[in-house]
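Q: What follows is structure.txt, made up of compact mmCIF, N, CA and C atoms:
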```txt
# COMPACT_ATOMS: atom_id res chain seq x y z
N MET A 85 62.51 117.12 39.46
CA MET A 85 62.81 115.75 39.11
C MET A 85 63.12 115.71 37.61
N ASN A 86 64.25 115.10 37.27
CA ASN A 86 64.60 115.09 35.86
C ASN A 86 63.73 114.09 35.09
N ILE A 87 63.74 114.22 33.79
CA ILE A 87 62.84 113.46 32.92
C ILE A 87 63.14 111.95 32.97
N THR A 88 64.40 111.58 33.08
CA THR A 88 64.77 110.16 33.13
C THR A 88 64.18 109.50 34.37
N LEU A 89 64.29 110.16 35.49
CA LEU A 89 63.75 109.64 36.73
C LEU A 89 62.22 109.54 36.67
N ARG A 90 61.60 110.53 36.08
CA ARG A 90 60.14 110.52 35.94
C ARG A 90 59.67 109.37 35.05
N ILE A 91 60.38 109.15 33.94
CA ILE A 91 60.03 108.06 33.03
C ILE A 91 60.22 106.71 33.72
N MET A 92 61.33 106.57 34.44
CA MET A 92 61.58 105.32 35.15
C MET A 92 60.50 105.06 36.21
N LEU A 93 60.12 106.09 36.96
CA LEU A 93 59.06 105.95 37.96
C LEU A 93 57.73 105.61 37.30
N LEU A 94 57.45 106.21 36.18
CA LEU A 94 56.22 105.93 35.45
C LEU A 94 56.18 104.47 34.97
N VAL A 95 57.26 104.00 34.38
CA VAL A 95 57.32 102.62 33.88
C VAL A 95 57.21 101.63 35.03
N LEU A 96 57.94 101.87 36.12
CA LEU A 96 57.89 100.95 37.27
C LEU A 96 56.51 100.95 37.93
N SER A 97 55.89 102.10 38.02
CA SER A 97 54.55 102.17 38.62
C SER A 97 53.53 101.43 37.78
N VAL A 98 53.59 101.60 36.47
CA VAL A 98 52.66 100.89 35.58
C VAL A 98 52.92 99.39 35.65
N ALA A 99 54.18 98.98 35.62
CA ALA A 99 54.52 97.56 35.70
C ALA A 99 54.02 96.95 37.02
N PHE A 100 54.21 97.69 38.11
CA PHE A 100 53.77 97.20 39.41
C PHE A 100 52.24 97.10 39.46
N LEU A 101 51.56 98.09 38.92
CA LEU A 101 50.10 98.07 38.87
C LEU A 101 49.59 96.89 38.06
N VAL A 102 50.18 96.65 36.90
CA VAL A 102 49.79 95.52 36.06
C VAL A 102 50.05 94.20 36.78
N PHE A 103 51.19 94.09 37.46
CA PHE A 103 51.54 92.88 38.20
C PHE A 103 50.51 92.60 39.30
N VAL A 104 50.17 93.61 40.09
CA VAL A 104 49.22 93.43 41.18
C VAL A 104 47.83 93.08 40.64
N LEU A 105 47.40 93.77 39.59
CA LEU A 105 46.09 93.46 39.00
C LEU A 105 46.05 92.05 38.41
N TYR A 106 47.14 91.64 37.78
CA TYR A 106 47.22 90.28 37.23
C TYR A 106 47.12 89.24 38.33
N ARG A 107 47.88 89.44 39.42
CA ARG A 107 47.85 88.48 40.53
C ARG A 107 46.48 88.45 41.21
N ALA A 108 45.84 89.60 41.33
CA ALA A 108 44.52 89.65 41.94
C ALA A 108 43.49 88.95 41.04
N ARG A 109 43.62 89.17 39.75
CA ARG A 109 42.70 88.55 38.80
C ARG A 109 42.83 87.04 38.78
N LYS A 110 44.06 86.54 38.94
CA LYS A 110 44.30 85.09 38.95
C LYS A 110 43.97 84.45 40.30
N GLY A 111 43.60 85.27 41.28
CA GLY A 111 43.25 84.73 42.59
C GLY A 111 44.43 84.51 43.51
N LYS A 112 45.59 84.99 43.14
CA LYS A 112 46.78 84.84 43.98
C LYS A 112 46.74 85.82 45.16
N TYR A 113 46.13 86.98 44.95
CA TYR A 113 45.96 87.98 46.00
C TYR A 113 44.46 88.23 46.17
N LEU A 114 44.05 88.38 47.41
CA LEU A 114 42.68 88.80 47.64
C LEU A 114 42.57 90.28 47.29
N LEU A 115 41.45 90.66 46.75
CA LEU A 115 41.28 92.03 46.30
C LEU A 115 41.42 93.02 47.47
N LYS A 116 40.91 92.65 48.64
CA LYS A 116 40.98 93.59 49.76
C LYS A 116 42.41 93.86 50.19
N TYR A 117 43.32 92.91 49.99
CA TYR A 117 44.72 93.14 50.34
C TYR A 117 45.50 93.79 49.21
N SER A 118 45.04 93.62 47.99
CA SER A 118 45.74 94.22 46.86
C SER A 118 45.35 95.67 46.63
N LEU A 119 44.25 96.12 47.23
CA LEU A 119 43.82 97.50 47.04
C LEU A 119 44.86 98.51 47.53
N ILE A 120 45.52 98.20 48.63
CA ILE A 120 46.54 99.12 49.15
C ILE A 120 47.71 99.23 48.17
N TRP A 121 48.08 98.11 47.54
CA TRP A 121 49.18 98.15 46.57
C TRP A 121 48.76 98.88 45.31
N ILE A 122 47.51 98.71 44.90
CA ILE A 122 47.00 99.45 43.75
C ILE A 122 47.01 100.95 44.06
N PHE A 123 46.59 101.31 45.27
CA PHE A 123 46.58 102.71 45.68
C PHE A 123 47.98 103.32 45.60
N PHE A 124 48.98 102.60 46.10
CA PHE A 124 50.33 103.16 46.09
C PHE A 124 50.97 103.16 44.71
N SER A 125 50.57 102.27 43.83
CA SER A 125 51.07 102.35 42.46
C SER A 125 50.45 103.55 41.75
N VAL A 126 49.19 103.87 42.07
CA VAL A 126 48.57 105.07 41.50
C VAL A 126 49.27 106.32 42.04
N ILE A 127 49.64 106.31 43.33
CA ILE A 127 50.41 107.43 43.90
C ILE A 127 51.74 107.58 43.16
N GLY A 128 52.38 106.46 42.83
CA GLY A 128 53.61 106.51 42.06
C GLY A 128 53.39 107.09 40.68
N LEU A 129 52.28 106.72 40.05
CA LEU A 129 51.95 107.29 38.74
C LEU A 129 51.74 108.79 38.83
N LEU A 130 51.02 109.22 39.86
CA LEU A 130 50.79 110.66 40.04
C LEU A 130 52.10 111.40 40.32
N ALA A 131 52.98 110.78 41.08
CA ALA A 131 54.27 111.41 41.36
C ALA A 131 55.12 111.52 40.10
N ALA A 132 54.99 110.55 39.20
CA ALA A 132 55.76 110.61 37.95
C ALA A 132 55.19 111.65 37.00
N ILE A 133 53.87 111.74 36.96
CA ILE A 133 53.23 112.67 36.03
C ILE A 133 53.26 114.10 36.56
N LEU A 134 52.94 114.26 37.85
CA LEU A 134 52.89 115.58 38.47
C LEU A 134 53.79 115.60 39.72
N PRO A 135 55.10 115.76 39.54
CA PRO A 135 56.01 115.65 40.69
C PRO A 135 56.00 116.85 41.64
N ASP A 136 55.36 117.94 41.26
CA ASP A 136 55.40 119.14 42.10
C ASP A 136 54.74 118.95 43.46
N TRP A 137 53.69 118.13 43.54
CA TRP A 137 53.01 117.93 44.81
C TRP A 137 53.89 117.18 45.80
N VAL A 138 54.75 116.29 45.29
CA VAL A 138 55.67 115.56 46.18
C VAL A 138 56.68 116.54 46.78
N VAL A 139 57.18 117.43 45.98
CA VAL A 139 58.12 118.45 46.45
C VAL A 139 57.43 119.34 47.48
N TRP A 140 56.19 119.71 47.21
CA TRP A 140 55.45 120.57 48.14
C TRP A 140 55.23 119.88 49.49
N VAL A 141 54.83 118.60 49.46
CA VAL A 141 54.61 117.86 50.71
C VAL A 141 55.92 117.73 51.48
N ALA A 142 57.00 117.45 50.77
CA ALA A 142 58.30 117.34 51.43
C ALA A 142 58.68 118.66 52.09
N ASP A 143 58.44 119.78 51.41
CA ASP A 143 58.74 121.10 51.98
C ASP A 143 57.87 121.38 53.21
N VAL A 144 56.59 121.06 53.11
CA VAL A 144 55.67 121.30 54.23
C VAL A 144 56.09 120.48 55.46
N LEU A 145 56.54 119.26 55.24
CA LEU A 145 56.95 118.40 56.35
C LEU A 145 58.36 118.69 56.83
N GLY A 146 59.08 119.58 56.16
CA GLY A 146 60.39 120.01 56.63
C GLY A 146 61.57 119.21 56.10
N PHE A 147 61.37 118.45 55.06
CA PHE A 147 62.48 117.71 54.47
C PHE A 147 63.26 118.63 53.53
N ASN A 148 64.58 118.64 53.68
CA ASN A 148 65.42 119.49 52.83
C ASN A 148 65.55 118.92 51.42
N VAL A 149 65.56 117.60 51.33
CA VAL A 149 65.72 116.92 50.04
C VAL A 149 64.48 116.05 49.82
N THR A 150 63.88 116.16 48.66
CA THR A 150 62.66 115.43 48.37
C THR A 150 62.87 113.93 48.40
N SER A 151 64.03 113.47 47.96
CA SER A 151 64.28 112.03 47.96
C SER A 151 64.30 111.47 49.38
N ASN A 152 64.74 112.26 50.36
CA ASN A 152 64.68 111.80 51.75
C ASN A 152 63.24 111.59 52.19
N PHE A 153 62.37 112.49 51.77
CA PHE A 153 60.94 112.34 52.09
C PHE A 153 60.38 111.08 51.45
N VAL A 154 60.73 110.82 50.20
CA VAL A 154 60.22 109.65 49.49
C VAL A 154 60.69 108.37 50.20
N TYR A 155 61.97 108.31 50.57
CA TYR A 155 62.47 107.13 51.30
C TYR A 155 61.77 106.98 52.64
N PHE A 156 61.60 108.09 53.35
CA PHE A 156 60.92 108.06 54.64
C PHE A 156 59.48 107.56 54.48
N ALA A 157 58.77 108.08 53.49
CA ALA A 157 57.38 107.68 53.26
C ALA A 157 57.29 106.19 52.91
N LEU A 158 58.21 105.71 52.09
CA LEU A 158 58.20 104.29 51.73
C LEU A 158 58.49 103.40 52.93
N ILE A 159 59.43 103.80 53.77
CA ILE A 159 59.74 103.02 54.96
C ILE A 159 58.54 102.99 55.91
N VAL A 160 57.90 104.13 56.11
CA VAL A 160 56.71 104.18 56.98
C VAL A 160 55.61 103.30 56.39
N PHE A 161 55.39 103.37 55.09
CA PHE A 161 54.37 102.54 54.46
C PHE A 161 54.67 101.06 54.66
N LEU A 162 55.92 100.66 54.46
CA LEU A 162 56.27 99.25 54.62
C LEU A 162 56.13 98.78 56.06
N LEU A 163 56.46 99.65 57.01
CA LEU A 163 56.29 99.29 58.42
C LEU A 163 54.81 99.11 58.76
N ILE A 164 53.98 100.03 58.31
CA ILE A 164 52.54 99.92 58.57
C ILE A 164 51.97 98.69 57.89
N SER A 165 52.38 98.45 56.66
CA SER A 165 51.93 97.26 55.94
C SER A 165 52.33 95.99 56.67
N ASN A 166 53.55 95.96 57.18
CA ASN A 166 54.03 94.79 57.92
C ASN A 166 53.22 94.58 59.20
N LEU A 167 52.92 95.65 59.91
CA LEU A 167 52.13 95.53 61.13
C LEU A 167 50.73 95.01 60.84
N VAL A 168 50.11 95.51 59.79
CA VAL A 168 48.77 95.05 59.42
C VAL A 168 48.80 93.58 59.05
N LEU A 169 49.78 93.17 58.26
CA LEU A 169 49.88 91.77 57.86
C LEU A 169 50.18 90.86 59.04
N CYS A 170 50.96 91.34 60.01
CA CYS A 170 51.21 90.54 61.22
C CYS A 170 49.92 90.35 62.01
N GLY A 171 49.08 91.37 62.07
CA GLY A 171 47.80 91.23 62.74
C GLY A 171 46.91 90.22 62.05
N ILE A 172 46.86 90.27 60.73
CA ILE A 172 46.06 89.32 59.96
C ILE A 172 46.59 87.91 60.17
N LEU A 173 47.89 87.74 60.13
CA LEU A 173 48.50 86.43 60.33
C LEU A 173 48.21 85.89 61.72
N SER A 174 48.26 86.74 62.73
CA SER A 174 47.98 86.31 64.10
C SER A 174 46.53 85.84 64.24
N ARG A 175 45.59 86.58 63.66
CA ARG A 175 44.19 86.17 63.72
C ARG A 175 43.97 84.85 62.99
N GLN A 176 44.62 84.68 61.85
CA GLN A 176 44.46 83.43 61.11
C GLN A 176 45.06 82.26 61.87
N GLU A 177 46.19 82.48 62.53
CA GLU A 177 46.82 81.41 63.30
C GLU A 177 45.92 80.99 64.46
N THR A 178 45.29 81.95 65.12
CA THR A 178 44.37 81.64 66.22
C THR A 178 43.16 80.87 65.69
N THR A 179 42.64 81.30 64.56
CA THR A 179 41.50 80.61 63.96
C THR A 179 41.85 79.18 63.58
N ILE A 180 43.00 78.99 62.98
CA ILE A 180 43.44 77.64 62.58
C ILE A 180 43.62 76.76 63.81
N LYS A 181 44.20 77.29 64.85
CA LYS A 181 44.40 76.53 66.09
C LYS A 181 43.06 76.10 66.66
N THR A 182 42.09 77.00 66.69
CA THR A 182 40.75 76.68 67.20
C THR A 182 40.08 75.62 66.34
N LEU A 183 40.20 75.75 65.03
CA LEU A 183 39.59 74.76 64.12
C LEU A 183 40.21 73.38 64.30
N VAL A 184 41.51 73.31 64.45
CA VAL A 184 42.19 72.03 64.66
C VAL A 184 41.71 71.39 65.96
N GLN A 185 41.57 72.19 67.00
CA GLN A 185 41.10 71.66 68.28
C GLN A 185 39.67 71.14 68.16
N GLU A 186 38.81 71.90 67.47
CA GLU A 186 37.42 71.47 67.31
C GLU A 186 37.32 70.19 66.48
N ILE A 187 38.13 70.09 65.44
CA ILE A 187 38.12 68.88 64.61
C ILE A 187 38.62 67.69 65.42
N SER A 188 39.63 67.89 66.24
CA SER A 188 40.15 66.80 67.07
C SER A 188 39.08 66.33 68.05
N ILE A 189 38.35 67.26 68.64
CA ILE A 189 37.27 66.88 69.57
C ILE A 189 36.19 66.10 68.84
N LEU A 190 35.80 66.56 67.65
CA LEU A 190 34.77 65.86 66.87
C LEU A 190 35.23 64.46 66.46
N LYS A 191 36.48 64.31 66.06
CA LYS A 191 37.01 63.00 65.70
C LYS A 191 37.04 62.09 66.92
N GLY A 192 37.41 62.65 68.05
CA GLY A 192 37.43 61.86 69.28
C GLY A 192 36.04 61.38 69.65
N GLU A 193 35.05 62.26 69.54
CA GLU A 193 33.67 61.87 69.83
C GLU A 193 33.17 60.82 68.84
N ARG A 194 33.54 60.95 67.59
CA ARG A 194 33.12 59.98 66.58
C ARG A 194 33.75 58.62 66.84
N ASN A 195 35.02 58.63 67.24
CA ASN A 195 35.70 57.36 67.54
C ASN A 195 35.09 56.71 68.77
N GLU A 196 34.66 57.50 69.76
CA GLU A 196 33.99 56.93 70.93
C GLU A 196 32.67 56.30 70.54
N ASP A 197 31.91 56.97 69.67
CA ASP A 197 30.63 56.42 69.22
C ASP A 197 30.83 55.14 68.42
N ASP A 198 31.86 55.09 67.61
CA ASP A 198 32.14 53.89 66.80
C ASP A 198 32.55 52.73 67.69
N SER A 199 33.35 52.99 68.69
CA SER A 199 33.85 51.89 69.54
C SER A 199 32.74 51.37 70.47
N THR A 200 31.80 52.20 70.91
CA THR A 200 30.71 51.72 71.76
C THR A 200 29.65 50.99 70.95
N GLY A 201 29.54 51.28 69.70
CA GLY A 201 28.53 50.63 68.85
C GLY A 201 28.93 49.23 68.42
N ASP A 202 30.21 48.86 68.53
CA ASP A 202 30.68 47.56 68.09
C ASP A 202 30.37 46.45 69.09
N ILE A 203 30.07 46.78 70.30
CA ILE A 203 29.89 45.75 71.34
C ILE A 203 28.57 45.06 71.23
```
Using structure tokens, write down the structure that the file contains.
A:
Amino acid sequence: MNITLRIMLLVLSVAFLVFVLYRARKGKYLLKYSLIWIFFSVIGLLAAILPDWVVWVADVLGFNVTSNFVYFALIVFLLISNLVLCGILSRQETTIKTLVQEISILKGERNEDDSTGDI
């Protein structure tokens, strides 16, 4: 990996790490969800500082070109991340639906109690 590419990867990884930490600190991201992004920015930092291990992993997995491995790994990571977030979203949607139903039942019971007490 040439020096320009390594410097660019280093700068982008540090910027991304700072961005995620800033958002987590401000409460925009929950820490448990930002940990995966912090982990991958650290992986980017390691790849920029010590690129030989990325080449070795690409060779072991049978990739002829290291950049193909990097693109493949990023696509797999994004797909897994998307699946996990879809699961979280589905659970939250079910919880919200249940809460709305329970609140509606409680409001209905309260309105029944109010209307019977007026007579």
Q: Rounded to one decimal in Å, what is the spacing between atom N of Ala108 in chain A and atom C of Leu96 in chain A?
A: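 A separation of 15.9 Å between them.
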Q: So how far away is atom N of Lys181 in chain A from atom N of Leu163 in chain A, in Å?
A: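 Computing it gives 26.7 Å between the two atoms.
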Q: Give me, as a list in words, all polymer residues having an atom no more than 12 Å from Ile122 in chain A, counting only C-alpha atoms and skipping those fewer than 2 positions away in the same chain.
A: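 Those residues are Ser97, Val98, Ala99, Phe100, Leu101, Val102, Phe103, Val104, Leu105, Tyr106, Arg107, Ala108, Tyr113, Leu115, Lys116, Tyr117, Ser118, Leu119, Ile120, Phe124, Ser125, Val126, Ile127, Gly128 and Leu129 of chain A.
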Q: As a list in words, please: the residues near Val141 in chain A (cut-off 12 Å, only C-alpha atoms, same-chain neighbours under 3 positions excluded).
A: Ala131, Pro135, Asp136, Trp137, Val138, Val144, Leu145, Gly146, Phe147, Asn148, Val149, Thr150, Ser151, Asn152, Phe153, Val154 and Ala157 of chain A
Q: Using only C-alpha atoms, which protein or nucleic acid residues come within 12 Å of Ile87 in chain A? Drop anything in the same chain fewer than 5 positions from it, and give the result as JSON, numbers by chain.
A: {"A": [92, 93, 94, 132, 133, 134, 135]}
Q: Give me a file of those residues, with N, CA and C atoms, as a compact mmCIF listing (two decimals), in the coordinates of the input.
A:
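Below you can see out_26.txt, which holds the result:
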```txt
# COMPACT_ATOMS: atom_id res chain seq x y z
N MET A 92 61.33 106.57 34.44
CA MET A 92 61.58 105.32 35.15
C MET A 92 60.50 105.06 36.21
N LEU A 93 60.12 106.09 36.96
CA LEU A 93 59.06 105.95 37.96
C LEU A 93 57.73 105.61 37.30
N LEU A 94 57.45 106.21 36.18
CA LEU A 94 56.22 105.93 35.45
C LEU A 94 56.18 104.47 34.97
N ALA A 132 54.99 110.55 39.20
CA ALA A 132 55.76 110.61 37.95
C ALA A 132 55.19 111.65 37.00
N ILE A 133 53.87 111.74 36.96
CA ILE A 133 53.23 112.67 36.03
C ILE A 133 53.26 114.10 36.56
N LEU A 134 52.94 114.26 37.85
CA LEU A 134 52.89 115.58 38.47
C LEU A 134 53.79 115.60 39.72
N PRO A 135 55.10 115.76 39.54
CA PRO A 135 56.01 115.65 40.69
C PRO A 135 56.00 116.85 41.64
```
Q: When you draw a straight line from CA of Ser174 in chain A to CA of Lys112 in chain A, how long is it in Å?
A: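 Between CA of Ser174 in chain A and CA of Lys112 in chain A the gap is 20.2 Å.
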Q: Edge lengths and centre, in Å to one decimal, as lines of an AutoDock Vina configuration file: that's what I need for the box along x, y and z that holds all listed atoms of range 113-128 of chain A plus 8 Å on each side.
A:
```
center_x = 47.3
center_y = 97.3
center_z = 45.5
size_x = 28.7
size_y = 36.6
size_z = 25.7
```
